[in-house]
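J.: Enclosed is the structure file upload39.cif (mmCIF, C-alpha atoms).
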data_entry
loop_
_atom_site.label_atom_id
_atom_site.label_comp_id
_atom_site.auth_asym_id
_atom_site.auth_seq_id
_atom_site.Cartn_x
_atom_site.Cartn_y
_atom_site.Cartn_z
CA MET P 1 -19.08 -16.62 23.18
CA LEU P 2 -16.63 -14.14 24.69
CA ARG P 3 -13.73 -16.30 23.55
CA LYS P 4 -15.10 -16.37 20.01
CA ILE P 5 -15.44 -12.60 19.95
CA PHE P 6 -11.90 -12.19 21.34
CA LEU P 7 -10.40 -14.47 18.69
CA LEU P 8 -12.28 -12.73 15.89
CA LEU P 9 -10.92 -9.40 17.08
CA LEU P 10 -7.43 -10.79 17.56
CA LEU P 11 -6.94 -12.54 14.23
CA PRO P 12 -6.73 -9.46 11.99
CA THR P 13 -4.04 -7.98 14.23
CA LEU P 14 -1.82 -11.03 14.59
CA PRO P 15 0.61 -10.34 11.71
CA ALA P 16 0.59 -6.69 12.86
CA TRP P 17 3.62 -5.01 11.36
CA SER P 18 6.14 -7.02 13.30
CA GLY P 19 8.78 -9.21 11.73
CA THR P 20 11.72 -9.24 9.37
CA VAL P 21 11.81 -6.98 6.31
CA GLN P 22 12.31 -8.65 2.94
CA ASP P 23 13.53 -6.57 0.00
CA PHE P 24 11.78 -8.58 -2.72
CA ALA P 25 8.12 -7.49 -2.75
CA LEU P 26 5.58 -8.14 -5.49
CA GLY P 27 3.00 -5.57 -6.51
CA SER P 28 0.28 -8.04 -5.52
CA TYR P 29 1.42 -7.63 -1.89
CA LEU P 30 -0.02 -4.09 -2.02
CA ALA P 31 -3.57 -5.53 -1.92
CA GLY P 32 -5.67 -3.71 0.67
CA GLY P 33 -3.57 -0.54 0.44
CA TYR P 34 -5.54 2.70 0.17
CA VAL P 35 -5.11 5.21 -2.68
CA ASP P 36 -6.47 8.76 -2.39
CA VAL P 37 -6.25 11.39 -5.15
CA THR P 38 -6.57 15.12 -4.59
CA ARG P 39 -8.14 17.34 -7.26
CA PHE P 40 -8.30 21.10 -7.66
CA GLY P 41 -10.44 22.65 -4.97
CA GLY P 42 -9.47 19.95 -2.46
CA LEU P 43 -11.86 17.29 -3.77
CA HIS P 44 -10.84 13.68 -2.94
CA ASN P 45 -11.53 10.29 -4.47
CA SER P 46 -10.24 6.95 -3.27
CA ALA P 47 -9.84 3.28 -4.18
CA VAL P 48 -8.20 0.16 -2.77
CA PHE P 49 -5.43 -1.92 -4.35
CA VAL P 50 -6.38 -5.37 -5.62
CA PRO P 51 -3.89 -7.90 -7.02
CA VAL P 52 -3.56 -8.24 -10.79
CA GLY P 53 -1.30 -11.24 -11.34
CA THR P 54 1.91 -10.26 -9.54
CA GLY P 55 1.05 -6.58 -9.98
CA ALA P 56 -1.77 -4.46 -8.55
CA MET P 57 -4.41 -1.90 -9.46
CA ALA P 58 -6.57 0.60 -7.59
CA GLU P 59 -9.55 1.88 -9.58
CA ALA P 60 -12.32 4.40 -8.97
CA VAL P 61 -14.94 4.27 -11.73
CA GLY P 62 -17.42 6.78 -13.10
CA SER P 63 -17.36 10.45 -12.20
CA ALA P 64 -14.00 11.51 -10.73
CA GLY P 65 -12.57 8.15 -11.77
CA PHE P 66 -8.90 7.17 -11.84
CA THR P 67 -6.63 4.13 -11.98
CA LEU P 68 -3.28 3.50 -10.31
CA THR P 69 -1.54 0.45 -11.75
CA VAL P 70 1.65 -1.26 -10.61
CA SER P 71 3.14 -3.53 -13.27
CA ALA P 72 4.00 -7.15 -12.55
CA GLY P 73 6.98 -8.30 -10.52
CA ASP P 74 9.09 -6.68 -7.83
CA THR P 75 7.83 -3.17 -7.09
CA SER P 76 11.27 -1.57 -7.33
CA LEU P 77 11.45 -2.63 -10.99
CA ALA P 78 7.78 -1.98 -11.73
CA THR P 79 6.13 1.02 -13.36
CA TRP P 80 3.56 2.83 -11.24
CA THR P 81 1.06 4.73 -13.42
CA LEU P 82 -1.73 7.05 -12.30
CA THR P 83 -4.35 7.91 -14.95
CA ASN P 84 -7.21 10.36 -14.69
CA THR P 85 -10.11 8.43 -16.25
CA ASP P 86 -12.77 11.12 -15.69
CA PRO P 87 -13.66 12.47 -19.18
CA SER P 88 -15.14 15.71 -17.85
CA LEU P 89 -13.32 18.89 -18.90
CA ILE P 90 -14.25 20.67 -15.67
CA PHE P 91 -11.16 22.39 -14.27
CA LEU P 92 -11.80 21.03 -10.76
CA ASN P 93 -11.46 17.44 -11.98
CA LYS P 94 -7.71 17.77 -12.59
CA ILE P 95 -5.57 15.63 -10.23
CA THR P 96 -2.90 17.51 -8.31
CA ALA P 97 -1.61 14.81 -5.93
CA VAL P 98 -1.98 11.18 -4.87
CA SER P 99 -1.44 9.58 -1.46
CA ILE P 100 -0.84 5.86 -1.00
CA ASP P 101 -1.33 4.31 2.45
CA LEU P 102 -0.25 0.66 2.74
CA THR P 103 -1.28 0.21 6.39
CA LEU P 104 -4.26 -2.00 5.53
CA SER P 105 -2.14 -4.20 3.27
CA GLY P 106 -0.81 -5.61 6.53
CA ARG P 107 2.59 -6.39 5.04
CA SER P 108 3.99 -3.79 2.60
CA LEU P 109 6.13 -0.75 3.43
CA PHE P 110 7.81 1.98 1.41
CA ASP P 111 11.61 1.93 1.55
CA SER P 112 12.88 5.53 1.42
CA GLY P 113 16.48 4.51 0.80
CA SER P 114 17.78 6.63 3.69
CA THR P 115 20.74 5.50 5.80
CA PRO P 116 21.22 3.65 8.02
CA SER P 117 19.21 0.99 6.22
CA THR P 118 16.95 -1.46 8.02
CA PRO P 119 18.46 -5.00 7.82
CA TYR P 120 17.46 -6.90 4.64
CA SER P 121 15.62 -3.88 3.23
CA GLY P 122 17.92 -3.31 0.24
CA PRO P 123 18.87 0.11 -1.20
CA GLY P 124 15.34 1.58 -1.51
CA ILE P 125 14.23 4.67 -3.45
CA PRO P 126 14.05 8.15 -1.89
CA GLY P 127 10.68 9.58 -2.89
CA VAL P 128 9.98 8.38 -6.44
CA ILE P 129 11.82 8.34 -9.76
CA TYR P 130 9.89 10.02 -12.57
CA ILE P 131 9.45 7.93 -15.74
CA ALA P 132 6.94 9.54 -18.12
CA GLY P 133 3.76 11.58 -18.53
CA ASN P 134 2.79 14.56 -16.40
CA GLY P 135 5.59 15.93 -14.27
CA ILE P 136 6.19 15.22 -10.59
CA SER P 137 7.27 18.01 -8.26
CA GLY P 138 7.90 15.96 -5.17
CA ALA P 139 7.20 12.84 -3.07
CA THR P 140 7.28 12.45 0.70
CA GLU P 141 7.06 9.28 2.78
CA PHE P 142 5.21 9.41 6.10
CA VAL P 143 3.78 7.13 8.84
CA LEU P 144 7.07 5.68 10.08
CA TRP P 145 6.92 1.90 10.71
CA SER P 146 6.91 1.50 14.50
CA ASP P 147 8.83 -1.78 14.72
CA PRO P 148 12.11 -1.47 16.70
CA SER P 149 14.05 -2.97 13.79
CA ASN P 150 13.22 0.06 11.63
CA LEU P 151 16.29 2.26 11.32
CA GLY P 152 14.32 5.15 9.87
CA ASP P 153 13.84 4.17 6.23
CA MET P 154 10.60 2.16 6.36
CA TYR P 155 7.26 3.98 5.96
CA ALA P 156 3.63 2.94 5.54
CA ALA P 157 2.55 5.83 3.29
CA THR P 158 3.68 8.33 0.68
CA THR P 159 2.29 11.44 -1.03
CA ILE P 160 3.20 12.42 -4.60
CA THR P 161 2.51 15.92 -5.96
CA PHE P 162 2.41 16.75 -9.66
CA SER P 163 4.05 19.76 -11.26
CA THR P 164 1.57 19.44 -14.14
CA SER P 165 -1.90 18.40 -13.00
CA LEU P 166 -3.58 15.41 -14.65
CA GLY P 167 -6.56 16.34 -16.81
CA PRO P 168 -8.93 13.89 -18.58
CA GLY P 169 -6.92 10.97 -19.96
CA ASP P 170 -3.60 12.28 -18.60
CA SER P 171 -1.23 9.97 -16.77
CA SER P 172 2.01 10.08 -14.83
CA SER P 173 4.42 7.17 -14.34
CA TRP P 174 7.18 6.64 -11.80
CA SER P 175 9.15 3.95 -9.99
CA ASP P 176 9.13 3.35 -6.25
CA ASP P 177 10.27 0.61 -3.91
CA THR P 178 8.29 -1.35 -1.34
CA ASP P 179 9.46 -4.09 0.98
CA VAL P 180 7.41 -6.77 2.69
CA VAL P 181 7.22 -7.70 6.37
CA VAL P 182 7.69 -11.43 7.03
CA PRO P 183 6.14 -12.31 10.44
CA GLU P 184 8.47 -13.66 13.10
CA PRO P 185 8.07 -17.42 13.84
CA GLY P 186 6.51 -16.62 17.21
CA THR P 187 3.88 -14.49 15.53
CA ILE P 188 3.06 -17.29 13.10
CA VAL P 189 2.70 -19.76 15.99
CA LEU P 190 0.41 -17.34 17.82
CA MET P 191 -1.69 -16.85 14.70
CA GLY P 192 -1.95 -20.62 14.22
CA ALA P 193 -3.00 -21.10 17.83
CA GLY P 194 -5.65 -18.42 17.44
CA ILE P 195 -7.02 -20.06 14.29
CA LEU P 196 -7.12 -23.49 15.96
CA GLY P 197 -8.84 -22.04 18.99
CA LEU P 198 -11.44 -20.34 16.85
CA ALA P 199 -12.02 -23.52 14.84
CA GLY P 200 -12.55 -25.49 18.07
CA THR P 201 -14.99 -22.92 19.37
CA LEU P 202 -17.00 -22.95 16.14
CA ARG P 203 -16.98 -26.77 16.02
CA ARG P 204 -18.39 -27.03 19.55
CA LYS P 205 -20.94 -24.37 18.68
CA LEU P 206 -22.15 -26.41 15.70
CA MET P 207 -22.40 -29.59 17.78
CA LEU P 208 -24.80 -27.92 20.28
#
Starting from the coordinates I provided, produce the structure as structure tokens.
T.:
Amino acid sequence: MLRKIFLLLLLPTLPAWSGTVQDFALGSYLAGGYVDVTRFGGLHNSAVFVPVGTGAMAEAVGSAGFTLTVSAGDTSLATWTLTNTDPSLIFLNKITAVSIDLTLSGRSLFDSGSTPSTPYSGPGIPGVIYIAGNGISGATEFVLWSDPSNLGDMYAATTITFSTSLGPGDSSSWSDDTDVVVPEPGTIVLMGAGILGLAGTLRRKLML
């Protein structure tokens, strides 16, 4: 029983942010990432990314609703669009900022484009590049990836602030770049061993 509990606790951590960075990263790899919007008065609403084809979407419905979509394909070429879907005209419902934390995706990281560049990470994008809609006043990456291979340009989270807040139906679009962590072979072997061990434990349990 103790072994079963240990394996169940171990499995979610096995890929744990260790491996080789790969520049090509689909929007669907953002699945599990956490999106939090800030509204006037400090009110917060949140949602989690789910895959949509090779893109992704985070959606909070109803009162204080919003969507953050990432178009299909590699994230560096995709359009990221935040829309305030709350129809209420209350001043406090306007969105002033959005934070995106990819820690729970288990594989995606923001590439800030700073130098030196982590091997295989590509050029990256410092902050974000504004495309359309409500203006953006700034973007800051944070939560530095702790792997020793990180040369200072790989982050798990970013915060974007808007120069013009998003009222009902307003949206803002930008481009950003994420990379993906490919687990080292040793990590994959360890994960496989853990899965086999858990399967054996469960099989013996069922035979009793």
J.: Each residue of stretch 4-85 of chain P with at least one atom at most 7 Å from stretch 167-173 of chain P should appear once, together with its nearest atom pair and the corresponding distance in Å (one decimal); atoms considered: all atoms listed in the file; ordering: chain, then increasing residue number; output as CSV.
T.:
residue,atom,partner,partner_atom,distance
P:Thr79,CA,P:Ser173,CA,6.5
P:Trp80,CA,P:Ser173,CA,5.4
P:Thr81,CA,P:Ser173,CA,4.3
P:Leu82,CA,P:Ser171,CA,5.4
P:Thr83,CA,P:Ser171,CA,4.2
P:Asn84,CA,P:Gly169,CA,5.3
P:Thr85,CA,P:Gly169,CA,5.5
J.: How many Å lie between atom CA of P:Tyr29 and atom CA of P:Asp86, rounded to one decimal?
T.: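 Distance between the two atoms: 27.3 Å.
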J.: Rank P:Ser99, P:Ser18, P:Thr75, P:Thr69 by their smallest atom-to-atom distance to P:Asn45, using all atoms listed in the file, and report the top residue only.
T.: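 Looking at the shortest contact to P:Asn45, the residue is P:Ser99.
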J.: For the structure shown, which residues end up in the PyMOL selection byres ((chain P and resi 50) around 9)? Put them as a compact mmCIF listing (two decimals) with C-alpha atoms, keeping the file's coordinate frame, please?
T.:
# COMPACT_ATOMS: atom_id res chain seq x y z
CA SER P 28 0.28 -8.04 -5.52
CA TYR P 29 1.42 -7.63 -1.89
CA LEU P 30 -0.02 -4.09 -2.02
CA ALA P 31 -3.57 -5.53 -1.92
CA GLY P 32 -5.67 -3.71 0.67
CA GLY P 33 -3.57 -0.54 0.44
CA VAL P 48 -8.20 0.16 -2.77
CA PHE P 49 -5.43 -1.92 -4.35
CA PRO P 51 -3.89 -7.90 -7.02
CA VAL P 52 -3.56 -8.24 -10.79
CA GLY P 55 1.05 -6.58 -9.98
CA ALA P 56 -1.77 -4.46 -8.55
CA MET P 57 -4.41 -1.90 -9.46
CA ALA P 58 -6.57 0.60 -7.59
CA GLU P 59 -9.55 1.88 -9.58
J.: Using all atoms listed in the file for the distances, tell me which of P:Asp23, P:Asp36, P:Asp101, P:Asp111 is nearest to P:Asp177.
T.: P:Asp111
J.: Restricting the calculation to only C-alpha atoms, which member of P:Ala64, P:Ile90, P:Leu151, P:Ala78 is positioned closest to P:Gly113?
T.: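 Under the stated criterion, the closest residue is P:Leu151.
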